[in-house]
Amino acid sequence: MITKLPGNVTTTLLLALGMCLQVGCIDSEGMISRRREITRGMRLEQVDLGRFHITLPPKTPDGKGGVVNFHAFVQVTNRDRDHVQTIVDESIPRLRHHMLMAVRRFSADDLTEPELVALRKELVEAVNEPFKEPLVKEAGFYKFKFFTL
């Protein structure tokens, strides 16, 4: 049994149905291009920190010291790369001093640990220091050598 509705109710229902269908229409190309732009800005890129050659003072009773050579980088998002590179370039003396003091505090176990967790963490903290929020995501090494004297 179908009941006839007054004209203005039918019109209102048709308008509401049309609006629901209209809201369901999306601009998929626009969404995809916005998502690509966001993703492009989130891609990680490397900022070279340079080469370090650090002589370690003797810490053990047998008086052995060591030498650490490494070439390090940090990873930042694409959108932050230029800003981080500028700050790193401006603060190389501070960064090198920070790393010198940190590495000299490390034990031989820290420097022979396969993942170099302590050194990576120190690099991230040193580069993130000038920023209000941490921009550096990860640290790594192009080359790393440690040997005792």
# chains A, B, ... in the order shown; residues from 1 in each chain; ligands from 1
call {"tool": "residues_around", "arguments": {"residues": "Val124 of chain A", "least_positions_apart": "3", "cutoff": "7 Å", "atoms": "only C-alpha atoms", "output": "list of chain:residue names"}}
result
A:Arg120, A:Lys121, A:Val127, A:Asn128, A:Val136, A:Glu138, A:Ala139
call {"tool": "residues_around", "arguments": {"residues": "Arg96 of chain A", "least_positions_apart": "6", "cutoff": "10 Å", "atoms": "only C-alpha atoms", "output": "ChimeraX atom specification"}}
result
/A:49-52,102,126
call {"tool": "write_last_selection", "arguments": {"atoms": "N, CA, C and O atoms", "output": "short mmCIF file (atom, residue, chain, number, x, y, z; two decimals), in the first residue's frame"}}
result
data_model
loop_
_atom_site.label_atom_id
_atom_site.label_comp_id
_atom_site.auth_asym_id
_atom_site.auth_seq_id
_atom_site.Cartn_x
_atom_site.Cartn_y
_atom_site.Cartn_z
N LEU A 49 76.79 14.51 8.39
CA LEU A 49 77.39 15.19 9.55
C LEU A 49 78.91 15.27 9.44
O LEU A 49 79.55 15.90 10.28
N GLY A 50 79.46 14.61 8.47
CA GLY A 50 80.91 14.68 8.28
C GLY A 50 81.64 13.49 8.90
O GLY A 50 81.04 12.56 9.43
N ARG A 51 82.96 13.59 8.81
CA ARG A 51 83.84 12.54 9.32
C ARG A 51 84.36 12.93 10.70
O ARG A 51 84.68 14.10 10.93
N PHE A 52 84.48 11.94 11.56
CA PHE A 52 84.99 12.15 12.90
C PHE A 52 86.18 11.22 13.12
O PHE A 52 86.12 10.05 12.75
N ALA A 102 80.99 13.01 24.09
CA ALA A 102 80.14 11.83 24.25
C ALA A 102 80.91 10.55 23.95
O ALA A 102 80.84 9.58 24.72
N ALA A 126 72.33 15.21 19.75
CA ALA A 126 73.20 16.35 19.45
C ALA A 126 72.61 17.22 18.34
O ALA A 126 72.63 18.45 18.42
#
call {"tool": "atom_distance", "arguments": {"atom1": "atom CA of Lys59 of chain A", "atom2": "atom CA of Phe73 of chain A"}}
result
27.9 Å
call {"tool": "residues_around", "arguments": {"residues": "segment 112-119 of chain A", "least_positions_apart": "5", "cutoff": "10 Å", "atoms": "only C-alpha atoms", "output": "mmCIF file with all heavy atoms, in the first residue's frame"}}
result
data_model
loop_
_atom_site.group_PDB
_atom_site.id
_atom_site.type_symbol
_atom_site.label_atom_id
_atom_site.label_comp_id
_atom_site.auth_asym_id
_atom_site.auth_seq_id
_atom_site.Cartn_x
_atom_site.Cartn_y
_atom_site.Cartn_z
ATOM 1 N N MET A 99 79.968 15.553 20.173
ATOM 2 C CA MET A 99 80.296 14.168 19.821
ATOM 3 C C MET A 99 81.628 13.740 20.422
ATOM 4 O O MET A 99 81.770 12.610 20.880
ATOM 5 C CB MET A 99 80.319 13.991 18.302
ATOM 6 C CG MET A 99 78.943 14.078 17.679
ATOM 7 S SD MET A 99 77.691 13.071 18.530
ATOM 8 C CE MET A 99 78.392 11.448 18.420
ATOM 9 N N ALA A 102 80.993 13.013 24.090
ATOM 10 C CA ALA A 102 80.138 11.829 24.249
ATOM 11 C C ALA A 102 80.912 10.548 23.951
ATOM 12 O O ALA A 102 80.842 9.579 24.722
ATOM 13 C CB ALA A 102 78.929 11.928 23.334
ATOM 14 N N VAL A 103 81.643 10.536 22.850
ATOM 15 C CA VAL A 103 82.379 9.316 22.470
ATOM 16 C C VAL A 103 83.437 8.997 23.505
ATOM 17 O O VAL A 103 83.666 7.825 23.821
ATOM 18 C CB VAL A 103 82.987 9.460 21.053
ATOM 19 C CG1 VAL A 103 83.956 8.335 20.753
ATOM 20 C CG2 VAL A 103 81.877 9.495 20.008
ATOM 21 N N PHE A 106 82.090 6.866 26.251
ATOM 22 C CA PHE A 106 81.652 5.506 25.934
ATOM 23 C C PHE A 106 82.690 4.469 26.342
ATOM 24 O O PHE A 106 83.887 4.737 26.336
ATOM 25 C CB PHE A 106 81.388 5.347 24.431
ATOM 26 C CG PHE A 106 80.180 6.091 23.935
ATOM 27 C CD1 PHE A 106 80.148 6.577 22.645
ATOM 28 C CD2 PHE A 106 79.074 6.308 24.732
ATOM 29 C CE1 PHE A 106 79.047 7.258 22.160
ATOM 30 C CE2 PHE A 106 77.968 6.986 24.268
ATOM 31 C CZ PHE A 106 77.949 7.463 22.981
ATOM 32 N N SER A 107 82.182 3.300 26.646
ATOM 33 C CA SER A 107 83.070 2.172 26.927
ATOM 34 C C SER A 107 83.372 1.443 25.621
ATOM 35 O O SER A 107 82.717 1.679 24.600
ATOM 36 C CB SER A 107 82.390 1.210 27.905
ATOM 37 O OG SER A 107 81.288 0.582 27.272
ATOM 38 N N VAL A 124 71.621 11.646 17.401
ATOM 39 C CA VAL A 124 70.262 12.191 17.275
ATOM 40 C C VAL A 124 70.052 13.316 18.282
ATOM 41 O O VAL A 124 69.548 14.392 17.936
ATOM 42 C CB VAL A 124 69.202 11.080 17.447
ATOM 43 C CG1 VAL A 124 67.808 11.664 17.583
ATOM 44 C CG2 VAL A 124 69.259 10.109 16.285
ATOM 45 N N GLU A 125 70.456 13.118 19.522
ATOM 46 C CA GLU A 125 70.286 14.142 20.557
ATOM 47 C C GLU A 125 71.105 15.391 20.243
ATOM 48 O O GLU A 125 70.638 16.511 20.434
ATOM 49 C CB GLU A 125 70.669 13.586 21.926
ATOM 50 C CG GLU A 125 69.672 12.594 22.469
ATOM 51 C CD GLU A 125 70.116 11.957 23.774
ATOM 52 O OE1 GLU A 125 71.166 12.359 24.337
ATOM 53 O OE2 GLU A 125 69.416 11.034 24.235
ATOM 54 N N ALA A 139 69.852 8.053 13.124
ATOM 55 C CA ALA A 139 71.244 8.333 12.765
ATOM 56 C C ALA A 139 71.863 7.058 12.219
ATOM 57 O O ALA A 139 71.442 5.950 12.563
ATOM 58 C CB ALA A 139 72.024 8.817 13.981
ATOM 59 N N GLY A 140 72.852 7.235 11.391
ATOM 60 C CA GLY A 140 73.531 6.076 10.812
ATOM 61 C C GLY A 140 74.954 6.432 10.424
ATOM 62 O O GLY A 140 75.416 7.559 10.621
ATOM 63 N N PHE A 141 75.634 5.454 9.851
ATOM 64 C CA PHE A 141 77.044 5.620 9.522
ATOM 65 C C PHE A 141 77.313 5.145 8.104
ATOM 66 O O PHE A 141 76.863 4.083 7.704
ATOM 67 C CB PHE A 141 77.913 4.817 10.497
ATOM 68 C CG PHE A 141 77.654 5.176 11.929
ATOM 69 C CD1 PHE A 141 76.780 4.418 12.690
ATOM 70 C CD2 PHE A 141 78.245 6.280 12.498
ATOM 71 C CE1 PHE A 141 76.508 4.753 13.993
ATOM 72 C CE2 PHE A 141 77.975 6.632 13.804
ATOM 73 C CZ PHE A 141 77.113 5.868 14.558
ATOM 74 N N PHE A 144 82.370 3.121 9.800
ATOM 75 C CA PHE A 144 82.672 3.137 11.233
ATOM 76 C C PHE A 144 83.817 2.174 11.521
ATOM 77 O O PHE A 144 83.783 1.014 11.079
ATOM 78 C CB PHE A 144 81.439 2.731 12.067
ATOM 79 C CG PHE A 144 81.708 2.766 13.542
ATOM 80 C CD1 PHE A 144 81.515 3.941 14.243
ATOM 81 C CD2 PHE A 144 82.169 1.661 14.213
ATOM 82 C CE1 PHE A 144 81.768 3.999 15.607
ATOM 83 C CE2 PHE A 144 82.427 1.708 15.563
ATOM 84 C CZ PHE A 144 82.229 2.878 16.270
ATOM 85 N N LYS A 145 84.810 2.656 12.262
ATOM 86 C CA LYS A 145 85.946 1.809 12.693
ATOM 87 C C LYS A 145 86.307 2.174 14.121
ATOM 88 O O LYS A 145 86.369 3.349 14.467
ATOM 89 C CB LYS A 145 87.178 2.011 11.806
ATOM 90 C CG LYS A 145 87.023 1.496 10.401
ATOM 91 C CD LYS A 145 88.323 1.722 9.645
ATOM 92 C CE LYS A 145 88.170 1.280 8.210
ATOM 93 N NZ LYS A 145 89.388 1.541 7.435
ATOM 94 N N PHE A 146 86.589 1.140 14.914
ATOM 95 C CA PHE A 146 87.075 1.340 16.267
ATOM 96 C C PHE A 146 88.187 0.338 16.497
ATOM 97 O O PHE A 146 88.040 -0.854 16.215
ATOM 98 C CB PHE A 146 85.953 1.120 17.290
ATOM 99 C CG PHE A 146 86.449 1.033 18.713
ATOM 100 C CD1 PHE A 146 87.055 2.126 19.315
ATOM 101 C CD2 PHE A 146 86.326 -0.141 19.419
ATOM 102 C CE1 PHE A 146 87.521 2.038 20.611
ATOM 103 C CE2 PHE A 146 86.778 -0.232 20.725
ATOM 104 C CZ PHE A 146 87.374 0.873 21.311
ATOM 105 N N PHE A 147 89.302 0.834 16.998
ATOM 106 C CA PHE A 147 90.381 -0.075 17.342
ATOM 107 C C PHE A 147 91.129 0.460 18.569
ATOM 108 O O PHE A 147 91.176 1.659 18.800
ATOM 109 C CB PHE A 147 91.342 -0.335 16.175
ATOM 110 C CG PHE A 147 91.766 0.883 15.413
ATOM 111 C CD1 PHE A 147 92.940 1.548 15.720
ATOM 112 C CD2 PHE A 147 91.000 1.350 14.366
ATOM 113 C CE1 PHE A 147 93.329 2.658 15.016
ATOM 114 C CE2 PHE A 147 91.384 2.467 13.649
ATOM 115 C CZ PHE A 147 92.559 3.127 13.970
#
call {"tool": "closest_residue", "arguments": {"among": "A:Leu44, A:Ala108, A:Ile92, A:Thr148", "to": "Leu135 of chain A", "atoms": "only C-alpha atoms"}}
result
A:Leu44
